[in-house]
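Engineer: First, the structure itself, so that you have it in front of you.
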Amino acid sequence: MTSSHNPQRHPNQEASAFVDAGVFYVKTLADMASKPNAAVAVQADWVVIQSWLGAQGSSLTPEELDRFRVGWKAYIARGVAPSRRLQRAFDSMSRTLLSSDPDCRQHKPPIVVLEAFDRLLASDAEIRDKLLSDAEATQELDLSLRAAMAEGLIVAAKDAGLPTGPRLDSDWWLHDNPASSDPRAQWRRDRSAECRRWVLIALVWFVLAWVLGALFDPLALDDQGTQRITNWGGVDCLLWLMVSLVPVAVWRLKVFCDRYV
């Protein structure tokens with residue numbers, strides 16, 4: 001079942017015509033469901049709508065049709081079309097209905113009825129495509145809102161004179177944002193790259209120091225000439241540990257000199 005609308009019509013006439021078209025759709029659904037060879041999906045949708053209306057049989061009473069019109073009107077007023085090709089029409093009719101009756105959405109039927117209404121207007125493939133499109137649009141909007149909020153917080157922090165970057169005493173060494181032209185950000189970028197270099201140097205030096213100490217005993221800490229490092233005492237190991245941590249001390253001294261000298 002599909003719908004069509006005349007773009008030359010007045011918006012109120014278009015919305016009223018679409019509400020009346022819903023009556024035709026539901027009557028057609030009831031007639032199709034009453035046939036012996038009706039599809040299971042058609043029968044299931046009719047059972048859902050029939051139970052919602054409290055109808056008996058395939059013929060709807062005037063009271064049941066009035067209730068259907070109210071629910072169908074609320075369905076359209078939501079502005080959520082079941083397919084992308086109907087979204088523009090739903091947007092227009094939703095604005096028209098809400099301008100004439102702002103409370104019409106309060107009569108929205110249950111979700112299972114809304115899903116049955118969707119299938120009156122669109123195929124399963126169109127509905128899936130629309131749901132996927134809406135999900136992607138929602139994700140993009142969420143990311144945009146998050147970015148706007150973050151930008152607003154940064155601007156507010158700058159106006160208040162608060163720091164907007166990572167703290168220098170915690171995660172500054174991981175901060176490496178090349179997009180910023182802030183002098184403080186440039187200083188953090190330089191320190192970040194320098195820190196990573198010195199960490200690598202310290203690790204390599206530490207490993208080499210203990211390997212060389214075990215193999216060659218370069219400071220002659222063991223006079224036996226055999227089993228080198230295994231015969232070292234506590235003082236010997238502490239001395240060699242200090243040797244292995246020399247790059248760390250040099251790096252911290254350089255940082256101190258860069259900042260205060």
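Note on naming: chains are A, B, ... as they come in the structure tokens, residues start from 1 per chain, ligands start from 1 in the order shown.
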Name all residues at most 10 Å from Arg105 (chain A) (count only C-alpha atoms; drop same-chain ones fewer than 2 positions away) and give them as an MDAnalysis selection string.

Structural biologist: chainID A and resid 70:79 94 97:98 101:103 107:109

Engineer: Write the residues of the preceding selection, restricted to N, CA, C and O atoms, as a compact mmCIF listing (two decimals), in the first residue's frame.

Structural biologist:
```txt
# COMPACT_ATOMS: atom_id res chain seq x y z
N VAL A 70 -8.27 9.22 14.91
CA VAL A 70 -7.52 9.93 15.95
C VAL A 70 -6.11 9.35 16.07
O VAL A 70 -5.12 10.09 16.14
N GLY A 71 -6.02 8.01 16.09
CA GLY A 71 -4.70 7.38 16.18
C GLY A 71 -3.86 7.61 14.95
O GLY A 71 -2.64 7.84 15.04
N TRP A 72 -4.49 7.56 13.78
CA TRP A 72 -3.77 7.77 12.52
C TRP A 72 -3.27 9.21 12.43
O TRP A 72 -2.15 9.48 11.97
N LYS A 73 -4.09 10.14 12.90
CA LYS A 73 -3.69 11.54 12.92
C LYS A 73 -2.48 11.75 13.84
O LYS A 73 -1.54 12.47 13.50
N ALA A 74 -2.50 11.12 15.00
CA ALA A 74 -1.36 11.21 15.92
C ALA A 74 -0.11 10.58 15.30
O ALA A 74 1.01 11.07 15.50
N TYR A 75 -0.31 9.50 14.56
CA TYR A 75 0.80 8.82 13.88
C TYR A 75 1.46 9.76 12.88
O TYR A 75 2.71 9.85 12.82
N ILE A 76 0.66 10.48 12.11
CA ILE A 76 1.21 11.40 11.12
C ILE A 76 1.86 12.59 11.81
O ILE A 76 2.92 13.07 11.41
N ALA A 77 1.21 13.08 12.89
CA ALA A 77 1.73 14.26 13.58
C ALA A 77 3.09 14.03 14.20
O ALA A 77 3.81 14.99 14.49
N ARG A 78 3.46 12.78 14.45
CA ARG A 78 4.80 12.48 14.97
C ARG A 78 5.88 12.95 14.01
O ARG A 78 7.00 13.26 14.42
N GLY A 79 5.58 12.96 12.73
CA GLY A 79 6.54 13.41 11.73
C GLY A 79 7.60 12.40 11.38
O GLY A 79 8.61 12.74 10.76
N SER A 94 2.87 17.00 9.41
CA SER A 94 3.03 17.10 10.85
C SER A 94 2.93 18.55 11.31
O SER A 94 2.25 18.86 12.31
N LEU A 97 -0.77 19.64 11.05
CA LEU A 97 -1.64 19.06 12.09
C LEU A 97 -1.35 19.66 13.45
O LEU A 97 -2.27 19.95 14.23
N LEU A 98 -0.07 19.86 13.77
CA LEU A 98 0.28 20.41 15.08
C LEU A 98 -0.11 21.88 15.21
O LEU A 98 -0.39 22.36 16.32
N ASP A 101 -3.91 21.48 15.81
CA ASP A 101 -4.26 20.70 17.02
C ASP A 101 -2.95 20.30 17.71
O ASP A 101 -2.45 19.19 17.51
N PRO A 102 -2.39 21.15 18.56
CA PRO A 102 -1.08 20.87 19.19
C PRO A 102 -1.09 19.61 20.06
O PRO A 102 -0.02 19.05 20.30
N ASP A 103 -2.25 19.19 20.53
CA ASP A 103 -2.31 18.04 21.44
C ASP A 103 -2.62 16.72 20.72
O ASP A 103 -2.84 15.70 21.39
N HIS A 107 -2.56 11.27 21.55
CA HIS A 107 -3.41 10.09 21.30
C HIS A 107 -2.64 9.02 20.50
O HIS A 107 -3.26 8.21 19.82
N LYS A 108 -1.33 9.06 20.60
CA LYS A 108 -0.51 8.10 19.84
C LYS A 108 -0.82 6.67 20.25
O LYS A 108 -0.85 6.35 21.44
N PRO A 109 -1.05 5.79 19.27
CA PRO A 109 -1.32 4.37 19.57
C PRO A 109 -0.07 3.67 20.11
O PRO A 109 1.04 4.21 20.07
```

Engineer: Which is closer to Cys195 (chain A) than all the others in A:Val255, A:Ala38, A:Val26, A:Ala33, using only C-alpha atoms?

Structural biologist: A:Val255

Engineer: Using CA of Val211 (chain A) and CA of Ser192 (chain A) as the two end points, give the distance in Å to one decimal.

Structural biologist: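 Result for CA of Val211 (chain A) versus CA of Ser192 (chain A): 29.0 Å, one decimal.
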
Engineer: Among region 37-77 of chain A, which residues does DSSP mark as helix (DSSP H, G or I) when it is run on the backbone? Keep the chain and numbering as in the structure and answer as a PyMOL selection string.

Structural biologist: chain A and resi 40-53+62-77

Engineer: Applying 12 Å and only C-alpha atoms, which residues near Leu203 (chain A) remain after dropping the ones on its own chain fewer than 5 positions away? List them as a PDB file with all heavy atoms, in the first residue's frame.

Structural biologist:
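Now in result.pdb:
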```
ATOM      1  N   ARG A 196      58.924  10.956  25.207  1.00  0.00           N
ATOM      2  CA  ARG A 196      58.897   9.627  24.586  1.00  0.00           C
ATOM      3  C   ARG A 196      60.295   9.189  24.162  1.00  0.00           C
ATOM      4  O   ARG A 196      60.650   8.007  24.271  1.00  0.00           O
ATOM      5  CB  ARG A 196      57.931   9.636  23.399  1.00  0.00           C
ATOM      6  CG  ARG A 196      56.466   9.742  23.796  1.00  0.00           C
ATOM      7  CD  ARG A 196      55.560   9.411  22.633  1.00  0.00           C
ATOM      8  NE  ARG A 196      55.626  10.431  21.599  1.00  0.00           N
ATOM      9  CZ  ARG A 196      54.803  11.472  21.512  1.00  0.00           C
ATOM     10  NH1 ARG A 196      53.881  11.645  22.446  1.00  0.00           N
ATOM     11  NH2 ARG A 196      54.893  12.338  20.525  1.00  0.00           N
ATOM     12  N   ARG A 197      61.095  10.136  23.653  1.00  0.00           N
ATOM     13  CA  ARG A 197      62.467   9.780  23.261  1.00  0.00           C
ATOM     14  C   ARG A 197      63.293   9.341  24.470  1.00  0.00           C
ATOM     15  O   ARG A 197      64.007   8.335  24.417  1.00  0.00           O
ATOM     16  CB  ARG A 197      63.141  10.978  22.571  1.00  0.00           C
ATOM     17  CG  ARG A 197      62.662  11.243  21.171  1.00  0.00           C
ATOM     18  CD  ARG A 197      63.594  12.188  20.446  1.00  0.00           C
ATOM     19  NE  ARG A 197      63.657  13.494  21.097  1.00  0.00           N
ATOM     20  CZ  ARG A 197      62.873  14.513  20.801  1.00  0.00           C
ATOM     21  NH1 ARG A 197      61.934  14.373  19.873  1.00  0.00           N
ATOM     22  NH2 ARG A 197      63.018  15.679  21.415  1.00  0.00           N
ATOM     23  N   TRP A 198      63.183  10.089  25.562  1.00  0.00           N
ATOM     24  CA  TRP A 198      63.975   9.750  26.736  1.00  0.00           C
ATOM     25  C   TRP A 198      63.502   8.463  27.397  1.00  0.00           C
ATOM     26  O   TRP A 198      64.305   7.718  27.966  1.00  0.00           O
ATOM     27  CB  TRP A 198      63.940  10.910  27.733  1.00  0.00           C
ATOM     28  CG  TRP A 198      64.938  11.971  27.403  1.00  0.00           C
ATOM     29  CD1 TRP A 198      64.704  13.141  26.764  1.00  0.00           C
ATOM     30  CD2 TRP A 198      66.342  11.928  27.674  1.00  0.00           C
ATOM     31  NE1 TRP A 198      65.866  13.854  26.612  1.00  0.00           N
ATOM     32  CE2 TRP A 198      66.900  13.131  27.179  1.00  0.00           C
ATOM     33  CE3 TRP A 198      67.182  11.007  28.282  1.00  0.00           C
ATOM     34  CZ2 TRP A 198      68.245  13.421  27.263  1.00  0.00           C
ATOM     35  CZ3 TRP A 198      68.533  11.306  28.385  1.00  0.00           C
ATOM     36  CH2 TRP A 198      69.058  12.496  27.877  1.00  0.00           C
ATOM     37  N   LEU A 208      70.536  -2.792  28.441  1.00  0.00           N
ATOM     38  CA  LEU A 208      71.936  -2.995  28.072  1.00  0.00           C
ATOM     39  C   LEU A 208      72.842  -2.984  29.298  1.00  0.00           C
ATOM     40  O   LEU A 208      73.808  -3.761  29.382  1.00  0.00           O
ATOM     41  CB  LEU A 208      72.378  -1.909  27.087  1.00  0.00           C
ATOM     42  CG  LEU A 208      71.813  -2.012  25.665  1.00  0.00           C
ATOM     43  CD1 LEU A 208      72.290  -0.840  24.821  1.00  0.00           C
ATOM     44  CD2 LEU A 208      72.235  -3.333  25.017  1.00  0.00           C
ATOM     45  N   ALA A 209      72.540  -2.102  30.264  1.00  0.00           N
ATOM     46  CA  ALA A 209      73.393  -2.015  31.443  1.00  0.00           C
ATOM     47  C   ALA A 209      73.418  -3.327  32.201  1.00  0.00           C
ATOM     48  O   ALA A 209      74.489  -3.809  32.608  1.00  0.00           O
ATOM     49  CB  ALA A 209      72.898  -0.879  32.356  1.00  0.00           C
ATOM     50  N   TRP A 210      72.245  -3.936  32.396  1.00  0.00           N
ATOM     51  CA  TRP A 210      72.225  -5.183  33.154  1.00  0.00           C
ATOM     52  C   TRP A 210      72.742  -6.367  32.354  1.00  0.00           C
ATOM     53  O   TRP A 210      73.348  -7.286  32.907  1.00  0.00           O
ATOM     54  CB  TRP A 210      70.803  -5.452  33.659  1.00  0.00           C
ATOM     55  CG  TRP A 210      70.447  -4.549  34.799  1.00  0.00           C
ATOM     56  CD1 TRP A 210      69.799  -3.361  34.737  1.00  0.00           C
ATOM     57  CD2 TRP A 210      70.794  -4.755  36.171  1.00  0.00           C
ATOM     58  NE1 TRP A 210      69.700  -2.797  35.983  1.00  0.00           N
ATOM     59  CE2 TRP A 210      70.301  -3.628  36.888  1.00  0.00           C
ATOM     60  CE3 TRP A 210      71.475  -5.753  36.866  1.00  0.00           C
ATOM     61  CZ2 TRP A 210      70.452  -3.489  38.266  1.00  0.00           C
ATOM     62  CZ3 TRP A 210      71.632  -5.611  38.237  1.00  0.00           C
ATOM     63  CH2 TRP A 210      71.125  -4.496  38.939  1.00  0.00           C
ATOM     64  N   SER A 244      72.256   2.214  35.832  1.00  0.00           N
ATOM     65  CA  SER A 244      71.237   1.918  34.827  1.00  0.00           C
ATOM     66  C   SER A 244      70.152   2.991  34.752  1.00  0.00           C
ATOM     67  O   SER A 244      69.436   3.089  33.758  1.00  0.00           O
ATOM     68  CB  SER A 244      70.591   0.558  35.110  1.00  0.00           C
ATOM     69  OG  SER A 244      69.909   0.567  36.357  1.00  0.00           O
ATOM     70  N   LEU A 245      70.040   3.821  35.805  1.00  0.00           N
ATOM     71  CA  LEU A 245      69.026   4.886  35.828  1.00  0.00           C
ATOM     72  C   LEU A 245      69.613   6.249  35.481  1.00  0.00           C
ATOM     73  O   LEU A 245      68.924   7.270  35.639  1.00  0.00           O
ATOM     74  CB  LEU A 245      68.364   4.950  37.208  1.00  0.00           C
ATOM     75  CG  LEU A 245      67.521   3.727  37.604  1.00  0.00           C
ATOM     76  CD1 LEU A 245      66.942   3.916  38.989  1.00  0.00           C
ATOM     77  CD2 LEU A 245      66.409   3.470  36.586  1.00  0.00           C
ATOM     78  N   VAL A 246      70.825   6.296  34.988  1.00  0.00           N
ATOM     79  CA  VAL A 246      71.455   7.554  34.621  1.00  0.00           C
ATOM     80  C   VAL A 246      70.640   8.348  33.597  1.00  0.00           C
ATOM     81  O   VAL A 246      70.455   9.566  33.744  1.00  0.00           O
ATOM     82  CB  VAL A 246      72.890   7.308  34.115  1.00  0.00           C
ATOM     83  CG1 VAL A 246      73.438   8.544  33.394  1.00  0.00           C
ATOM     84  CG2 VAL A 246      73.798   6.941  35.277  1.00  0.00           C
ATOM     85  N   PRO A 247      70.097   7.720  32.526  1.00  0.00           N
ATOM     86  CA  PRO A 247      69.315   8.510  31.553  1.00  0.00           C
ATOM     87  C   PRO A 247      68.110   9.203  32.183  1.00  0.00           C
ATOM     88  O   PRO A 247      67.751  10.314  31.773  1.00  0.00           O
ATOM     89  CB  PRO A 247      68.882   7.457  30.525  1.00  0.00           C
ATOM     90  CG  PRO A 247      69.891   6.376  30.626  1.00  0.00           C
ATOM     91  CD  PRO A 247      70.244   6.319  32.075  1.00  0.00           C
ATOM     92  N   VAL A 248      67.479   8.578  33.165  1.00  0.00           N
ATOM     93  CA  VAL A 248      66.322   9.200  33.819  1.00  0.00           C
ATOM     94  C   VAL A 248      66.754  10.464  34.546  1.00  0.00           C
ATOM     95  O   VAL A 248      66.099  11.519  34.458  1.00  0.00           O
ATOM     96  CB  VAL A 248      65.652   8.203  34.790  1.00  0.00           C
ATOM     97  CG1 VAL A 248      64.487   8.876  35.522  1.00  0.00           C
ATOM     98  CG2 VAL A 248      65.163   6.970  34.049  1.00  0.00           C
TER      99      VAL A 248
END
```

Engineer: What's the separation between CA of Lys27 (chain A) and CA of Arg95 (chain A), in Å to one decimal place?

Structural biologist: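 It comes out at 26.6 Å.
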